[in-house]
>>> print(open('data.txt').read())   # compact mmCIF, C-alpha atoms and all ligand atoms
# COMPACT_ATOMS: atom_id res chain seq x y z
CA MET M 1 -8.86 -32.28 -23.80
CA THR M 2 -8.42 -29.42 -26.27
CA ASP M 3 -7.49 -25.82 -25.45
CA GLN M 4 -11.19 -24.92 -25.42
CA VAL M 5 -12.29 -23.30 -22.15
CA ARG M 6 -13.20 -26.08 -19.76
CA THR M 7 -16.64 -25.95 -18.20
CA VAL M 8 -17.81 -27.06 -14.78
CA LEU M 9 -21.23 -27.53 -13.21
CA ILE M 10 -21.27 -27.19 -9.42
CA THR M 11 -24.39 -28.11 -7.48
CA GLY M 12 -25.07 -26.40 -4.17
CA ALA M 13 -22.99 -23.45 -5.35
CA GLY M 14 -25.00 -20.92 -3.35
CA ALA M 15 -23.24 -21.48 -0.01
CA GLY M 16 -20.42 -23.18 1.86
CA LEU M 17 -18.03 -25.44 -0.03
CA GLY M 18 -19.85 -25.07 -3.36
CA GLN M 19 -19.58 -21.29 -3.22
CA ARG M 20 -15.85 -21.45 -2.58
CA LEU M 21 -15.35 -24.00 -5.36
CA ALA M 22 -17.16 -21.69 -7.79
CA ALA M 23 -14.78 -18.82 -7.03
CA LEU M 24 -11.65 -20.99 -7.22
CA LEU M 25 -12.64 -22.66 -10.49
CA ALA M 26 -13.56 -19.33 -12.08
CA GLU M 27 -10.16 -17.98 -10.95
CA ARG M 28 -8.56 -20.98 -12.70
CA GLY M 29 -10.25 -19.79 -15.93
CA LEU M 30 -13.05 -22.32 -16.20
CA ALA M 31 -16.54 -21.38 -17.34
CA VAL M 32 -18.72 -22.08 -14.30
CA ALA M 33 -22.36 -23.13 -14.11
CA LEU M 34 -23.76 -22.70 -10.62
CA ALA M 35 -26.85 -24.63 -9.56
CA ASP M 36 -28.69 -24.12 -6.29
CA VAL M 37 -32.24 -23.96 -4.96
CA SER M 38 -31.40 -20.62 -3.34
CA ALA M 39 -31.51 -17.67 -5.76
CA PRO M 40 -30.09 -15.24 -3.15
CA GLY M 41 -27.25 -17.72 -2.50
CA LEU M 42 -26.41 -17.81 -6.19
CA GLU M 43 -26.48 -13.99 -6.32
CA ARG M 44 -23.93 -13.87 -3.50
CA THR M 45 -21.71 -16.42 -5.26
CA LEU M 46 -21.78 -14.52 -8.56
CA LYS M 47 -20.47 -11.46 -6.72
CA LEU M 48 -17.43 -13.47 -5.54
CA LEU M 49 -16.31 -14.42 -9.06
CA PRO M 50 -13.64 -12.52 -10.99
CA ALA M 51 -15.21 -9.71 -13.06
CA ASP M 52 -14.35 -11.40 -16.36
CA ALA M 53 -15.62 -14.85 -15.33
CA SER M 54 -17.85 -16.76 -17.69
CA ALA M 55 -20.72 -17.89 -15.48
CA ILE M 56 -24.36 -18.90 -15.49
CA ALA M 57 -26.64 -19.34 -12.49
CA ILE M 58 -29.26 -22.09 -12.52
CA THR M 59 -31.87 -21.67 -9.80
CA SER M 60 -33.33 -25.12 -9.41
CA ASP M 61 -34.59 -27.54 -6.82
CA LEU M 62 -32.56 -30.47 -8.09
CA THR M 63 -34.95 -32.94 -6.46
CA ALA M 64 -37.73 -31.97 -8.86
CA ASP M 65 -38.51 -34.47 -11.64
CA GLY M 66 -36.22 -33.86 -14.61
CA ALA M 67 -34.34 -31.00 -12.89
CA PRO M 68 -30.86 -32.61 -13.08
CA ALA M 69 -31.20 -33.29 -16.83
CA ALA M 70 -32.57 -29.77 -17.39
CA ALA M 71 -29.59 -28.26 -15.53
CA VAL M 72 -27.12 -30.23 -17.62
CA LYS M 73 -28.91 -29.15 -20.81
CA GLN M 74 -28.70 -25.50 -19.72
CA VAL M 75 -24.93 -25.85 -19.31
CA VAL M 76 -24.46 -27.45 -22.71
CA ASP M 77 -26.73 -24.86 -24.35
CA ALA M 78 -24.71 -22.04 -22.75
CA PHE M 79 -21.14 -23.36 -23.03
CA GLY M 80 -21.30 -26.09 -25.71
CA ARG M 81 -19.78 -28.77 -23.47
CA LEU M 82 -19.52 -30.09 -19.92
CA ASP M 83 -16.10 -31.16 -18.70
CA ILE M 84 -16.57 -31.40 -14.94
CA LEU M 85 -19.51 -32.06 -12.64
CA ILE M 86 -19.17 -31.48 -8.90
CA ASN M 87 -22.09 -33.04 -7.03
CA ASN M 88 -21.89 -30.97 -3.86
CA ALA M 89 -25.49 -29.99 -2.97
CA GLY M 90 -26.46 -31.61 0.27
CA TYR M 91 -28.81 -31.60 3.21
CA GLY M 92 -28.65 -33.17 6.65
CA ALA M 93 -30.70 -32.93 9.81
CA ILE M 94 -30.56 -34.48 13.23
CA GLU M 95 -33.31 -36.85 14.35
CA PRO M 96 -33.13 -39.54 17.04
CA PHE M 97 -33.22 -43.07 15.60
CA LEU M 98 -36.30 -43.94 17.68
CA GLY M 99 -38.81 -41.38 16.49
CA MET M 100 -37.28 -40.63 13.12
CA THR M 101 -39.64 -39.62 10.32
CA ALA M 102 -40.15 -40.75 6.75
CA ALA M 103 -40.35 -37.08 5.77
CA LEU M 104 -36.75 -36.46 6.79
CA TRP M 105 -35.58 -39.65 5.07
CA HIS M 106 -37.28 -38.61 1.82
CA LYS M 107 -35.93 -35.06 1.99
CA THR M 108 -32.38 -36.24 2.68
CA LEU M 109 -32.25 -39.05 0.13
CA SER M 110 -33.92 -37.00 -2.60
CA ILE M 111 -31.16 -34.38 -2.75
CA ASN M 112 -28.09 -36.23 -1.41
CA LEU M 113 -28.64 -39.44 -3.34
CA VAL M 114 -31.39 -39.46 -6.00
CA ALA M 115 -30.57 -36.03 -7.45
CA LEU M 116 -26.86 -36.87 -7.35
CA ALA M 117 -27.44 -40.12 -9.24
CA MET M 118 -29.67 -38.43 -11.85
CA MET M 119 -27.17 -35.60 -12.26
CA THR M 120 -24.35 -38.11 -12.71
CA ALA M 121 -26.28 -39.97 -15.40
CA ALA M 122 -27.30 -36.78 -17.23
CA ALA M 123 -23.75 -35.41 -17.20
CA GLY M 124 -22.41 -38.88 -17.96
CA GLU M 125 -24.32 -38.97 -21.25
CA VAL M 126 -22.75 -35.69 -22.37
CA MET M 127 -19.29 -36.82 -21.23
CA ARG M 128 -19.69 -40.21 -22.94
CA ASP M 129 -20.32 -38.43 -26.23
CA GLN M 130 -17.34 -36.10 -25.61
CA ARG M 131 -15.18 -39.10 -24.61
CA SER M 132 -13.89 -37.10 -21.65
CA GLY M 133 -15.04 -35.69 -18.35
CA ARG M 134 -14.60 -35.80 -14.61
CA ILE M 135 -17.23 -36.15 -11.91
CA VAL M 136 -16.53 -35.50 -8.23
CA ASN M 137 -19.15 -36.52 -5.67
CA ILE M 138 -19.03 -35.03 -2.19
CA THR M 139 -19.55 -37.82 0.32
CA SER M 140 -18.87 -37.73 4.08
CA PRO M 141 -17.03 -39.65 6.80
CA ALA M 142 -20.60 -40.22 8.08
CA SER M 143 -21.13 -42.77 5.30
CA ARG M 144 -19.01 -45.26 7.24
CA MET M 145 -19.99 -44.36 10.80
CA ALA M 146 -22.74 -45.55 13.16
CA LEU M 147 -24.72 -42.38 13.83
CA PRO M 148 -28.06 -43.07 15.54
CA ASN M 149 -29.06 -39.38 15.51
CA TYR M 150 -27.99 -38.82 11.92
CA THR M 151 -28.95 -42.07 10.21
CA ALA M 152 -30.69 -40.71 7.12
CA TYR M 153 -27.71 -38.50 6.31
CA ALA M 154 -25.19 -41.30 6.90
CA ALA M 155 -27.22 -43.68 4.74
CA SER M 156 -27.54 -41.10 1.98
CA LYS M 157 -23.78 -40.68 1.88
CA ALA M 158 -23.23 -44.46 1.92
CA GLY M 159 -25.48 -44.37 -1.15
CA VAL M 160 -23.24 -41.71 -2.69
CA ASP M 161 -20.29 -44.10 -2.29
CA ALA M 162 -22.28 -46.83 -4.07
CA VAL M 163 -23.22 -44.49 -6.93
CA THR M 164 -19.61 -43.35 -7.26
CA ARG M 165 -18.35 -46.91 -7.65
CA ALA M 166 -21.09 -47.84 -10.13
CA ALA M 167 -20.72 -44.65 -12.18
CA ALA M 168 -16.94 -45.06 -12.33
CA LEU M 169 -17.41 -48.48 -13.98
CA ALA M 170 -20.27 -47.37 -16.24
CA LEU M 171 -18.28 -44.43 -17.58
CA ALA M 172 -14.74 -45.88 -17.62
CA PRO M 173 -15.05 -47.19 -21.22
CA PHE M 174 -15.52 -43.57 -22.34
CA GLY M 175 -12.55 -42.14 -20.44
CA VAL M 176 -14.80 -40.40 -17.92
CA LEU M 177 -13.45 -40.38 -14.35
CA VAL M 178 -15.73 -40.58 -11.30
CA ASN M 179 -14.33 -40.07 -7.80
CA SER M 180 -15.55 -38.88 -4.43
CA LEU M 181 -14.18 -36.82 -1.61
CA ALA M 182 -15.11 -37.04 2.09
CA PRO M 183 -14.58 -33.68 3.83
CA GLY M 184 -13.91 -33.38 7.53
CA MET M 185 -15.92 -30.98 9.70
CA MET M 186 -15.92 -27.56 8.02
CA ASP M 187 -17.58 -24.61 9.72
CA THR M 188 -20.33 -24.08 7.15
CA GLU M 189 -23.98 -23.25 7.75
CA MET M 190 -24.91 -26.93 7.43
CA GLN M 191 -22.32 -28.07 9.96
CA ARG M 192 -23.20 -25.33 12.47
CA SER M 193 -26.94 -26.03 12.52
CA THR M 194 -26.41 -29.80 12.61
CA GLU M 195 -24.12 -29.62 15.63
CA LEU M 196 -26.42 -27.25 17.53
CA ASP M 197 -29.28 -29.72 17.03
CA LEU M 198 -27.02 -32.58 18.09
CA ALA M 199 -26.08 -30.75 21.30
CA ARG M 200 -29.78 -30.19 22.04
CA ILE M 201 -30.77 -33.80 21.40
CA GLU M 202 -27.89 -35.05 23.56
CA GLY M 203 -29.03 -32.70 26.35
CA ARG M 204 -25.88 -30.59 26.24
CA SER M 205 -26.32 -26.93 27.16
CA ASP M 206 -22.53 -26.32 27.28
CA VAL M 207 -22.40 -26.00 23.53
CA GLU M 208 -18.83 -24.66 23.34
CA ALA M 209 -17.47 -27.59 25.38
CA PHE M 210 -19.51 -29.99 23.25
CA LEU M 211 -18.04 -28.55 20.04
CA ASP M 212 -14.53 -28.68 21.52
CA GLU M 213 -14.92 -32.36 22.37
CA ARG M 214 -15.98 -33.06 18.82
CA THR M 215 -13.00 -31.17 17.45
CA ARG M 216 -10.63 -33.10 19.71
CA ARG M 217 -11.89 -36.37 18.23
CA VAL M 218 -10.24 -35.40 14.95
CA PRO M 219 -6.74 -36.93 14.99
CA LEU M 220 -5.20 -33.71 13.61
CA GLY M 221 -6.93 -31.87 16.47
CA ARG M 222 -8.73 -29.21 14.44
CA ARG M 223 -11.56 -28.69 11.99
CA ALA M 224 -11.07 -28.49 8.23
CA GLU M 225 -10.62 -25.18 6.46
CA ILE M 226 -13.02 -24.89 3.53
CA ASP M 227 -10.03 -24.05 1.33
CA GLU M 228 -8.25 -27.28 2.29
CA VAL M 229 -11.27 -29.31 1.25
CA ALA M 230 -11.71 -27.23 -1.91
CA ALA M 231 -8.06 -27.89 -2.82
CA GLY M 232 -8.76 -31.63 -2.69
CA VAL M 233 -11.83 -31.27 -4.89
CA LEU M 234 -9.85 -29.18 -7.40
CA TRP M 235 -7.16 -31.84 -7.47
CA LEU M 236 -9.66 -34.57 -8.37
CA ALA M 237 -11.50 -32.30 -10.83
CA LEU M 238 -8.49 -30.85 -12.63
CA ASP M 239 -5.12 -32.24 -11.70
CA ALA M 240 -5.34 -35.89 -10.63
CA PRO M 241 -3.70 -38.27 -13.11
CA PRO M 242 -6.24 -39.63 -15.60
CA TYR M 243 -5.76 -43.13 -14.19
CA VAL M 244 -7.56 -42.18 -10.93
CA THR M 245 -11.17 -43.34 -10.95
CA ALA M 246 -13.52 -45.01 -8.42
CA GLU M 247 -11.40 -43.41 -5.67
CA ARG M 248 -12.66 -42.01 -2.35
CA LEU M 249 -10.38 -39.30 -1.05
CA ASN M 250 -10.49 -38.83 2.73
CA LEU M 251 -9.91 -35.19 3.60
CA SER M 252 -10.93 -35.38 7.22
CA GLY M 253 -7.78 -34.94 9.31
CA GLY M 254 -7.61 -38.67 10.04
CA LEU M 255 -11.24 -39.00 11.19
CA ASP M 256 -12.05 -41.34 8.34
CA ARG M 257 -9.45 -43.98 7.52
CA ASP M 258 -9.01 -46.71 4.94
N1 LIG M 301 -19.82 -28.96 6.36
C1 LIG M 301 -19.23 -30.09 6.67
O1 LIG M 301 -18.56 -30.19 7.68
C2 LIG M 301 -19.38 -31.29 5.76
C3 LIG M 301 -18.75 -32.49 6.15
C4 LIG M 301 -18.86 -33.60 5.31
C5 LIG M 301 -19.56 -33.50 4.13
N2 LIG M 301 -20.16 -32.33 3.78
C6 LIG M 301 -20.87 -32.27 2.49
O2 LIG M 301 -20.31 -31.20 1.72
C7 LIG M 301 -21.32 -30.69 0.84
C8 LIG M 301 -21.42 -29.19 1.00
O3 LIG M 301 -21.78 -28.92 2.33
P1 LIG M 301 -21.79 -27.46 2.97
O4 LIG M 301 -21.37 -27.63 4.36
O5 LIG M 301 -21.12 -26.50 2.07
O6 LIG M 301 -23.39 -27.22 2.99
P2 LIG M 301 -24.25 -25.87 2.90
O7 LIG M 301 -25.54 -26.19 3.55
O8 LIG M 301 -23.47 -24.70 3.39
O9 LIG M 301 -24.48 -25.74 1.31
C9 LIG M 301 -25.25 -26.69 0.62
C10 LIG M 301 -25.91 -26.02 -0.57
O10 LIG M 301 -26.75 -27.00 -1.22
C11 LIG M 301 -27.95 -26.35 -1.61
N3 LIG M 301 -29.07 -27.29 -1.76
C12 LIG M 301 -29.68 -28.00 -0.77
N4 LIG M 301 -30.75 -28.65 -1.27
C13 LIG M 301 -30.80 -28.37 -2.60
C14 LIG M 301 -31.69 -28.75 -3.65
N5 LIG M 301 -32.75 -29.53 -3.42
N6 LIG M 301 -31.45 -28.29 -4.90
C15 LIG M 301 -30.40 -27.47 -5.13
N7 LIG M 301 -29.54 -27.05 -4.17
C16 LIG M 301 -29.74 -27.51 -2.92
C17 LIG M 301 -28.23 -25.36 -0.48
O11 LIG M 301 -29.13 -24.34 -0.89
C18 LIG M 301 -26.84 -24.84 -0.15
O12 LIG M 301 -26.52 -23.68 -0.90
C19 LIG M 301 -22.61 -31.44 1.18
O13 LIG M 301 -22.78 -32.51 0.27
C20 LIG M 301 -22.34 -31.97 2.58
O14 LIG M 301 -23.11 -33.13 2.86
C21 LIG M 301 -20.08 -31.22 4.57
>>> encode(input="data.txt", output="structure tokens")
Amino acid sequence: MTDQVRTVLITGAGAGLGQRLAALLAERGLAVALADVSAPGLERTLKLLPADASAIAITSDLTADGAPAAAVKQVVDAFGRLDILINNAGYGAIEPFLGMTAALWHKTLSINLVALAMMTAAAGEVMRDQRSGRIVNITSPASRMALPNYTAYAASKAGVDAVTRAAALALAPFGVLVNSLAPGMMDTEMQRSTELDLARIEGRSDVEAFLDERTRRVPLGRRAEIDEVAAGVLWLALDAPPYVTAERLNLSGGLDRD
């Protein structure tokens, strides 16, 4: 890579992990493109960036036809290149296995899996032509668990693992690296609402005790700090040796094990 400013596109940059990644990557001097369906979320993220950051906000429902390719084009039009893609946008909701709906399956798969695959291909074309690039897909320990109340989400993340492996092979001849990272439980908006629904569906009114039990299932005995997970993503996106591809990095306090 030359000494040109490196550029990164982060999906789901309007909240949670994506928002923190945007701030950290801008602090590291990268030009950041922030994509999210939530315009207010993107506004909040922009305010967290250093004053001299080079940044664009792309308000887009990435599940819409052609939206991933359009987002990638906006980045290249603005910055001239795309060095890193972080596929972080995600959605998950609790539904009991018996009684689950096609609507939730479609909603979950369309952002977590289809949009991620289309985004990877669109960015992959730019990176192929550049002969360099790194893609980091955010997966989940759920992808390898049996979760009867969270099946659509778990299946979507198992799909992310499949896309990561395939993309790593498709893009390897061009020196483009594709890896994934599985975060442990972080206290973000998504995690909070999911666990409240889970408590309800499991008939638990003692929500604090329920959350404590879940925390104690993590071998390290605590939840993940967003910054710990972000540090892992930054490592894969910026610092990992260029021989690392098709890897799945478990950052879940021992919850998920190879
Ligand atoms: N929070 C956790 O404990 C946890 C654990 C494992 C994996 N993950 C994964 O980490 C990633 C980030 O999660 P988070 O907890 O920060 O979630 P979050 O809900 O706080 O943020 C997700 C962001 O994605 C955006 N988004 C959702 N649908 C979109 C769409 N159609 N188009 C564009 N943007 C869209 C949302 O607006 C939101 O800003 C997700 O992929 C999630 O599955 C989270």
>>> residues_near_ligand(input="data.txt", ligand="ligand LIG 301 (chain M)", cutoff="8 Å", atoms="all atoms listed in the file", output="tab-separated table (two decimals) with C-alpha atoms, keeping the file's coordinate frame")
chain	number	residue	atom	x	y	z
M	11	THR	CA	-24.39	-28.11	-7.48
M	12	GLY	CA	-25.07	-26.40	-4.17
M	13	ALA	CA	-22.99	-23.45	-5.35
M	14	GLY	CA	-25.00	-20.92	-3.35
M	15	ALA	CA	-23.24	-21.48	-0.01
M	16	GLY	CA	-20.42	-23.18	1.86
M	17	LEU	CA	-18.03	-25.44	-0.03
M	18	GLY	CA	-19.85	-25.07	-3.36
M	19	GLN	CA	-19.58	-21.29	-3.22
M	35	ALA	CA	-26.85	-24.63	-9.56
M	36	ASP	CA	-28.69	-24.12	-6.29
M	37	VAL	CA	-32.24	-23.96	-4.96
M	38	SER	CA	-31.40	-20.62	-3.34
M	41	GLY	CA	-27.25	-17.72	-2.50
M	42	LEU	CA	-26.41	-17.81	-6.19
M	59	THR	CA	-31.87	-21.67	-9.80
M	60	SER	CA	-33.33	-25.12	-9.41
M	61	ASP	CA	-34.59	-27.54	-6.82
M	62	LEU	CA	-32.56	-30.47	-8.09
M	63	THR	CA	-34.95	-32.94	-6.46
M	64	ALA	CA	-37.73	-31.97	-8.86
M	87	ASN	CA	-22.09	-33.04	-7.03
M	88	ASN	CA	-21.89	-30.97	-3.86
M	89	ALA	CA	-25.49	-29.99	-2.97
M	90	GLY	CA	-26.46	-31.61	0.27
M	91	TYR	CA	-28.81	-31.60	3.21
M	92	GLY	CA	-28.65	-33.17	6.65
M	110	SER	CA	-33.92	-37.00	-2.60
M	111	ILE	CA	-31.16	-34.38	-2.75
M	112	ASN	CA	-28.09	-36.23	-1.41
M	115	ALA	CA	-30.57	-36.03	-7.45
M	138	ILE	CA	-19.03	-35.03	-2.19
M	139	THR	CA	-19.55	-37.82	0.32
M	140	SER	CA	-18.87	-37.73	4.08
M	141	PRO	CA	-17.03	-39.65	6.80
M	142	ALA	CA	-20.60	-40.22	8.08
M	153	TYR	CA	-27.71	-38.50	6.31
M	157	LYS	CA	-23.78	-40.68	1.88
M	182	ALA	CA	-15.11	-37.04	2.09
M	183	PRO	CA	-14.58	-33.68	3.83
M	184	GLY	CA	-13.91	-33.38	7.53
M	185	MET	CA	-15.92	-30.98	9.70
M	186	MET	CA	-15.92	-27.56	8.02
M	187	ASP	CA	-17.58	-24.61	9.72
M	188	THR	CA	-20.33	-24.08	7.15
M	189	GLU	CA	-23.98	-23.25	7.75
M	190	MET	CA	-24.91	-26.93	7.43
M	191	GLN	CA	-22.32	-28.07	9.96
M	192	ARG	CA	-23.20	-25.33	12.47
M	224	ALA	CA	-11.07	-28.49	8.23
>>> closest_residue(input="data.txt", among="M:Asn137, M:Ser205, M:Ser193, M:Thr151", to="Pro96 (chain M)", atoms="all atoms listed in the file")
M:Thr151
>>> closest_residue(input="data.txt", among="M:Ala154, M:Val114, M:Ile94, M:Leu249", to="Ile201 (chain M)", atoms="only C-alpha atoms")
M:Ile94
>>> residues_around(input="data.txt", residues="Pro50 (chain M)", least_positions_apart="4", cutoff="12 Å", atoms="only C-alpha atoms", output="MDAnalysis selection string")
chainID M and resid 22:32 45:46 54:55
>>> axis_aligned_box(input="data.txt", around="region 66-70 of chain M", padding_each_side="4 Å", output="lines of an AutoDock Vina configuration file")
center_x = -33.5
center_y = -31.8
center_z = -15.1
size_x = 13.4
size_y = 12.1
size_z = 12.5
>>> atom_distance(input="data.txt", atom1="CA of Arg134 (chain M)", atom2="CA of Leu21 (chain M)")
15.0 Å
>>> atom_distance(input="data.txt", atom1="CA of Glu213 (chain M)", atom2="CA of Arg200 (chain M)")
15.0 Å
>>> build_atoms(input="data.txt", residues="region 81-105 of chain M", atoms="N, CA, C and O atoms", output="short mmCIF file (atom, residue, chain, number, x, y, z; two decimals), keeping the file's coordinate frame")
data_model
loop_
_atom_site.label_atom_id
_atom_site.label_comp_id
_atom_site.auth_asym_id
_atom_site.auth_seq_id
_atom_site.Cartn_x
_atom_site.Cartn_y
_atom_site.Cartn_z
N ARG M 81 -20.34 -27.52 -23.98
CA ARG M 81 -19.78 -28.77 -23.47
C ARG M 81 -19.84 -28.80 -21.94
O ARG M 81 -20.10 -27.76 -21.32
N LEU M 82 -19.59 -29.97 -21.39
CA LEU M 82 -19.52 -30.09 -19.92
C LEU M 82 -18.34 -30.99 -19.58
O LEU M 82 -18.34 -32.17 -19.89
N ASP M 83 -17.31 -30.40 -18.99
CA ASP M 83 -16.10 -31.16 -18.70
C ASP M 83 -16.08 -31.73 -17.29
O ASP M 83 -15.51 -32.80 -17.06
N ILE M 84 -16.67 -30.99 -16.35
CA ILE M 84 -16.57 -31.40 -14.94
C ILE M 84 -17.93 -31.20 -14.26
O ILE M 84 -18.57 -30.17 -14.46
N LEU M 85 -18.32 -32.19 -13.50
CA LEU M 85 -19.51 -32.06 -12.64
C LEU M 85 -19.05 -32.24 -11.20
O LEU M 85 -18.38 -33.23 -10.89
N ILE M 86 -19.43 -31.30 -10.33
CA ILE M 86 -19.17 -31.48 -8.90
C ILE M 86 -20.52 -31.57 -8.20
O ILE M 86 -21.27 -30.59 -8.11
N ASN M 87 -20.84 -32.77 -7.75
CA ASN M 87 -22.09 -33.04 -7.03
C ASN M 87 -21.88 -32.71 -5.57
O ASN M 87 -21.43 -33.56 -4.78
N ASN M 88 -22.18 -31.46 -5.22
CA ASN M 88 -21.89 -30.97 -3.86
C ASN M 88 -23.14 -30.64 -3.06
O ASN M 88 -23.09 -30.63 -1.83
N ALA M 89 -24.27 -30.38 -3.71
CA ALA M 89 -25.49 -29.99 -2.97
C ALA M 89 -25.81 -31.06 -1.94
O ALA M 89 -25.73 -32.25 -2.23
N GLY M 90 -26.18 -30.61 -0.76
CA GLY M 90 -26.46 -31.61 0.27
C GLY M 90 -27.35 -31.04 1.36
O GLY M 90 -27.50 -29.82 1.51
N TYR M 91 -27.92 -31.97 2.10
CA TYR M 91 -28.81 -31.60 3.21
C TYR M 91 -28.65 -32.65 4.29
O TYR M 91 -28.50 -33.84 4.00
N GLY M 92 -28.69 -32.20 5.55
CA GLY M 92 -28.65 -33.17 6.65
C GLY M 92 -29.35 -32.59 7.85
O GLY M 92 -29.26 -31.38 8.09
N ALA M 93 -30.07 -33.41 8.60
CA ALA M 93 -30.70 -32.93 9.81
C ALA M 93 -30.68 -34.03 10.86
O ALA M 93 -30.66 -35.23 10.53
N ILE M 94 -30.66 -33.57 12.10
CA ILE M 94 -30.56 -34.48 13.23
C ILE M 94 -31.95 -34.96 13.63
O ILE M 94 -32.88 -34.16 13.75
N GLU M 95 -32.06 -36.26 13.83
CA GLU M 95 -33.31 -36.85 14.35
C GLU M 95 -32.93 -38.10 15.12
O GLU M 95 -32.13 -38.90 14.62
N PRO M 96 -33.49 -38.32 16.31
CA PRO M 96 -33.13 -39.54 17.04
C PRO M 96 -33.63 -40.78 16.29
O PRO M 96 -34.68 -40.73 15.65
N PHE M 97 -32.86 -41.86 16.36
CA PHE M 97 -33.22 -43.07 15.60
C PHE M 97 -34.64 -43.52 15.95
O PHE M 97 -35.46 -43.80 15.07
N LEU M 98 -34.93 -43.59 17.27
CA LEU M 98 -36.30 -43.94 17.68
C LEU M 98 -37.11 -42.65 17.60
O LEU M 98 -36.85 -41.71 18.34
N GLY M 99 -38.04 -42.61 16.67
CA GLY M 99 -38.81 -41.38 16.49
C GLY M 99 -38.47 -40.68 15.19
O GLY M 99 -38.96 -39.58 14.92
N MET M 100 -37.61 -41.30 14.39
CA MET M 100 -37.28 -40.63 13.12
C MET M 100 -38.47 -40.69 12.16
O MET M 100 -39.38 -41.52 12.29
N THR M 101 -38.47 -39.76 11.19
CA THR M 101 -39.64 -39.62 10.32
C THR M 101 -39.31 -39.96 8.87
O THR M 101 -38.19 -39.72 8.39
N ALA M 102 -40.31 -40.48 8.18
CA ALA M 102 -40.15 -40.75 6.75
C ALA M 102 -39.91 -39.45 5.99
O ALA M 102 -39.18 -39.43 4.99
N ALA M 103 -40.51 -38.36 6.47
CA ALA M 103 -40.35 -37.08 5.77
C ALA M 103 -38.88 -36.67 5.70
O ALA M 103 -38.39 -36.24 4.64
N LEU M 104 -38.16 -36.84 6.81
CA LEU M 104 -36.75 -36.46 6.79
C LEU M 104 -35.94 -37.41 5.89
O LEU M 104 -35.05 -36.97 5.15
N TRP M 105 -36.27 -38.69 5.96
CA TRP M 105 -35.58 -39.65 5.07
C TRP M 105 -35.77 -39.25 3.61
O TRP M 105 -34.81 -39.21 2.84
#
